[in-house]
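Peer 1: Quick one, model28.csv (CSV, C-alpha atoms):
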```csv
chain,number,residue,atom,x,y,z
B,1152,ARG,CA,89.3,86.3,64.0
B,1153,THR,CA,87.4,83.0,63.8
B,1154,ILE,CA,83.7,82.7,63.6
B,1155,GLN,CA,82.0,79.3,64.0
B,1156,ILE,CA,78.8,78.7,62.1
B,1157,ASN,CA,76.6,75.8,63.3
B,1158,THR,CA,75.0,74.0,60.4
B,1159,GLY,CA,72.5,72.2,62.6
B,1160,ARG,CA,71.4,69.0,61.0
B,1161,GLU,CA,72.9,69.8,57.6
B,1162,CYS,CA,76.2,68.1,56.6
B,1163,ALA,CA,77.9,71.2,55.3
B,1164,LEU,CA,77.8,75.0,55.1
B,1165,ASN,CA,75.7,76.6,52.4
B,1166,SER,CA,75.5,80.1,51.1
B,1167,TYR,CA,72.5,80.9,53.3
B,1168,HIS,CA,74.5,80.1,56.5
B,1169,ILE,CA,77.4,82.3,55.3
B,1170,SER,CA,75.2,85.2,54.2
B,1171,GLN,CA,73.4,85.2,57.6
B,1172,VAL,CA,76.7,85.7,59.4
B,1173,LEU,CA,78.4,88.1,56.9
B,1174,THR,CA,75.5,90.6,57.3
B,1175,ASN,CA,77.0,91.4,60.7
B,1176,TYR,CA,80.3,92.5,59.2
B,1177,ASP,CA,81.6,95.3,57.0
B,1178,LEU,CA,83.1,93.3,54.1
B,1179,HIS,CA,85.2,96.3,53.1
B,1180,GLN,CA,87.2,95.8,56.3
B,1181,ILE,CA,88.0,92.1,55.4
B,1182,ASP,CA,91.1,91.6,53.3
B,1183,LEU,CA,91.0,87.8,53.2
B,1184,LEU,CA,88.2,85.5,54.3
B,1185,PHE,CA,88.6,81.7,54.6
B,1186,ILE,CA,85.5,79.5,54.7
B,1187,GLU,CA,86.3,76.0,55.9
B,1188,ASN,CA,83.5,73.6,55.1
B,1189,VAL,CA,84.1,70.7,57.6
B,1190,GLY,CA,83.0,67.2,57.4
B,1191,ASN,CA,83.6,64.5,54.8
B,1192,LEU,CA,84.8,65.4,51.3
B,1193,ILE,CA,81.5,64.5,49.6
B,1194,CYS,CA,79.0,66.9,51.1
B,1195,PRO,CA,80.9,70.2,50.5
B,1196,SER,CA,81.4,69.6,46.8
B,1197,ASP,CA,77.7,70.2,46.2
B,1198,PHE,CA,77.6,73.6,47.7
B,1199,ILE,CA,78.7,76.8,45.9
B,1200,LEU,CA,79.5,79.4,48.5
B,1201,GLY,CA,80.3,82.4,46.4
B,1202,THR,CA,84.1,82.2,46.9
B,1203,ASP,CA,86.7,83.7,44.6
B,1204,LYS,CA,88.8,80.6,44.8
B,1205,ARG,CA,87.9,77.1,45.9
B,1206,VAL,CA,90.5,75.1,47.6
B,1207,VAL,CA,90.6,71.4,48.5
B,1208,VAL,CA,93.1,70.0,51.0
B,1209,VAL,CA,93.9,66.3,51.3
B,1210,SER,CA,96.8,64.6,53.0
B,1211,ILE,CA,98.9,61.7,51.9
B,1212,THR,CA,97.6,59.8,54.9
B,1213,GLU,CA,94.2,59.6,53.2
B,1214,GLY,CA,95.8,57.4,50.6
B,1215,GLU,CA,96.5,57.8,46.9
B,1216,TRP,CA,92.9,56.9,46.0
B,1217,VAL,CA,91.3,59.9,47.8
B,1218,ILE,CA,91.1,61.9,44.6
B,1219,GLU,CA,89.5,59.1,42.6
B,1220,LYS,CA,86.9,58.7,45.4
B,1221,HIS,CA,86.0,62.4,45.3
B,1222,PRO,CA,86.2,63.6,41.7
B,1223,LEU,CA,83.5,66.3,41.9
B,1224,LEU,CA,85.4,68.1,44.6
B,1225,PHE,CA,88.6,68.3,42.5
B,1226,LYS,CA,86.6,69.1,39.3
B,1227,THR,CA,85.0,72.2,41.0
B,1228,SER,CA,88.2,73.4,42.8
B,1229,ASP,CA,90.7,76.0,41.6
B,1230,ILE,CA,93.5,74.8,44.0
B,1231,ALA,CA,94.4,71.4,45.4
B,1232,ILE,CA,96.8,71.1,48.3
B,1233,ILE,CA,98.3,67.7,49.0
B,1234,ASN,CA,99.5,68.0,52.6
B,1235,LYS,CA,101.8,66.0,55.0
B,1236,ILE,CA,104.5,65.4,52.4
B,1237,ASP,CA,106.9,65.3,55.3
B,1238,LEU,CA,105.6,61.7,55.8
B,1239,LEU,CA,106.4,60.5,52.3
B,1240,ASP,CA,109.3,58.5,53.6
B,1241,VAL,CA,107.2,56.5,56.1
B,1242,ILE,CA,103.8,56.2,54.3
B,1243,ASP,CA,103.5,54.0,51.2
B,1244,VAL,CA,101.7,56.4,48.9
B,1245,ASN,CA,102.2,57.3,45.3
B,1246,ILE,CA,101.9,61.1,45.3
B,1247,GLU,CA,102.5,61.3,41.5
B,1248,LYS,CA,99.4,59.2,41.1
B,1249,MET,CA,97.5,61.7,43.2
B,1250,ILE,CA,98.7,64.6,41.1
B,1251,ASN,CA,98.0,62.8,37.8
B,1252,ASP,CA,94.5,61.8,39.0
B,1253,ALA,CA,93.8,65.4,40.0
B,1254,ARG,CA,95.1,66.8,36.6
B,1255,GLU,CA,93.0,64.2,34.7
B,1256,ILE,CA,89.9,65.4,36.5
B,1257,ASN,CA,90.7,69.1,36.2
B,1258,PRO,CA,93.6,70.1,33.9
B,1259,LYS,CA,93.3,73.8,35.1
B,1260,LEU,CA,93.8,72.8,38.8
B,1261,LYS,CA,96.8,74.3,40.5
B,1262,ILE,CA,98.4,71.7,42.7
B,1263,PHE,CA,100.6,72.3,45.7
B,1264,LYS,CA,102.5,69.6,47.7
B,1265,THR,CA,102.9,71.0,51.2
B,1266,SER,CA,103.9,70.2,54.7
B,1267,ALA,CA,102.2,72.2,57.4
B,1268,LEU,CA,104.7,70.7,59.9
B,1269,THR,CA,107.9,72.0,58.1
B,1270,GLY,CA,106.3,74.8,56.2
B,1271,GLU,CA,107.4,73.5,52.8
B,1272,ASN,CA,105.6,75.2,50.0
B,1273,ILE,CA,103.2,77.1,52.3
B,1274,ALA,CA,104.5,80.5,51.1
B,1275,GLU,CA,103.6,79.5,47.6
B,1276,VAL,CA,100.1,78.6,48.6
B,1277,ILE,CA,99.6,81.9,50.4
B,1278,ASN,CA,101.0,83.8,47.4
B,1279,GLU,CA,98.5,82.0,45.1
B,1280,LEU,CA,95.6,82.8,47.5
B,1281,ILE,CA,96.3,86.5,47.8
B,1282,ASN,CA,97.0,87.1,44.1
```
Please express the file's structure as structure tokens.
Peer 2:
Amino acid sequence: RTIQINTGRECALNSYHISQVLTNYDLHQIDLLFIENVGNLICPSDFILGTDKRVVVVSITEGEWVIEKHPLLFKTSDIAIINKIDLLDVIDVNIEKMINDAREINPKLKIFKTSALTGENIAEVINELIN
């Protein structure tokens, strides 16, 4: 089930938005809840939403500098997913630089290289999320 929360004039979801929606649901009936904070990568990093795990997803198409440009998001995350690795043969990007940058910012960060297109390493991400 998907529920859209309109943030109005704010650039990202905050805990108030989420609490207003969750009061309508029995949380004991929810096994896994994903909160996707849309928008750019800067706004969401300032908002703590009360999640058990914080995940950041970037793709290689954003360039190898994306992690350096948004260090706070990686510093405050538990899991980083670098997606679209199926394009590594056609996009000139140094994925090892991305991984090293992320680890330098947050040594405890769990990093997954995935392809949503091929499914590569998706099972590992799911396993990490549910455990």
Peer 1: Have a look at atom CA of Leu1223 of chain B and atom CA of Ile1211 of chain B and let me know their distance in Å, one decimal.
Peer 2: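 Between these atoms lies a distance of 18.9 Å.
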Peer 1: To one decimal place in Å, what is the distance between atom CA of Glu1247 of chain B and atom CA of Asn1282 of chain B?
Peer 2: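 Between atom CA of Glu1247 of chain B and atom CA of Asn1282 of chain B the gap is 26.5 Å.
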Peer 1: Kindly give the distance, in Å, that separates atom CA of Phe1198 of chain B and atom CA of Leu1224 of chain B, rounded to a single decimal.
Peer 2: 10.0 Å
Peer 1: For Asp1252 of chain B, find every residue with an atom within 9 Å (counting only C-alpha atoms), except residues of its own chain fewer than 6 positions away, and show them as number ranges by chain.
Peer 2: B: 1216, 1218-1219, 1222
Peer 1: From (92.2, 71.1, 37.2), in the file's coordinates, out to 8 Å: which residues are reached, counting only C-alpha atoms? Answer as a list in words.
Peer 2: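 Here is the list of nearby residues: Phe1225, Lys1226, Ser1228, Asp1229, Ile1230, Ala1253, Arg1254, Glu1255, Ile1256, Asn1257, Pro1258, Lys1259, Leu1260 and Lys1261 of chain B.
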Peer 1: Can you tell me which residues surround Ala1267 of chain B at a distance of at most 10 Å, considering all atoms listed in the file, apart from same-chain residues fewer than 3 positions away, and format the answer as a PyMOL selection string?
Peer 2: chain B and resi 1234-1237+1270-1273
Peer 1: So that I can check the surroundings of Ile1169 of chain B, please list as number ranges by chain every protein, DNA and RNA residue that reaches within 10 Å of it, counting all atoms listed in the file and ignoring chain neighbours fewer than 4 positions away.
Peer 2: B: 1156, 1164-1165, 1173-1174, 1186, 1200-1201
Peer 1: Here is a test: counting only C-alpha atoms, which residue of B:Tyr1176, B:Tyr1167, B:Phe1185, B:Phe1263 is nearest to Ile1250 of chain B?
Peer 2: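 Closest to Ile1250 of chain B of all the choices is B:Phe1263.
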Peer 1: With all atoms listed in the file as the counted atoms, please give the residues lying no more than 12 Å from Thr1212 of chain B, apart from itself and same-chain residues fewer than 6 positions off, as a list of chain:residue names.
Peer 2: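 Skipping anything fewer than 6 positions along the chain leaves B:Ile1233, B:Asn1234, B:Lys1235, B:Ile1236, B:Asp1237, B:Leu1238, B:Leu1239, B:Asp1240, B:Val1241, B:Ile1242, B:Asp1243, B:Val1244, B:Asn1245, B:Ile1246, B:Met1249.
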Peer 1: With all atoms listed in the file as the atoms that count, which of B:Ile1181, B:Val1208, B:Val1189, B:Val1276 lies nearest to Ala1163 of chain B?
Peer 2: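 Closest to Ala1163 of chain B of all the choices is B:Val1189.
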Peer 1: Would you please work out which residue, of B:Gln1171, B:Thr1202, B:Ser1266, B:Asn1251, is nearest to Asn1157 of chain B when using all atoms listed in the file?
Peer 2: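 Checking each candidate against Asn1157 of chain B, we get B:Gln1171 as the closest.
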Peer 1: Using all atoms listed in the file, which residue out of B:Glu1275, B:Asn1188, B:Leu1268, B:Ile1199 lies closest to Ile1232 of chain B?
Peer 2: B:Glu1275
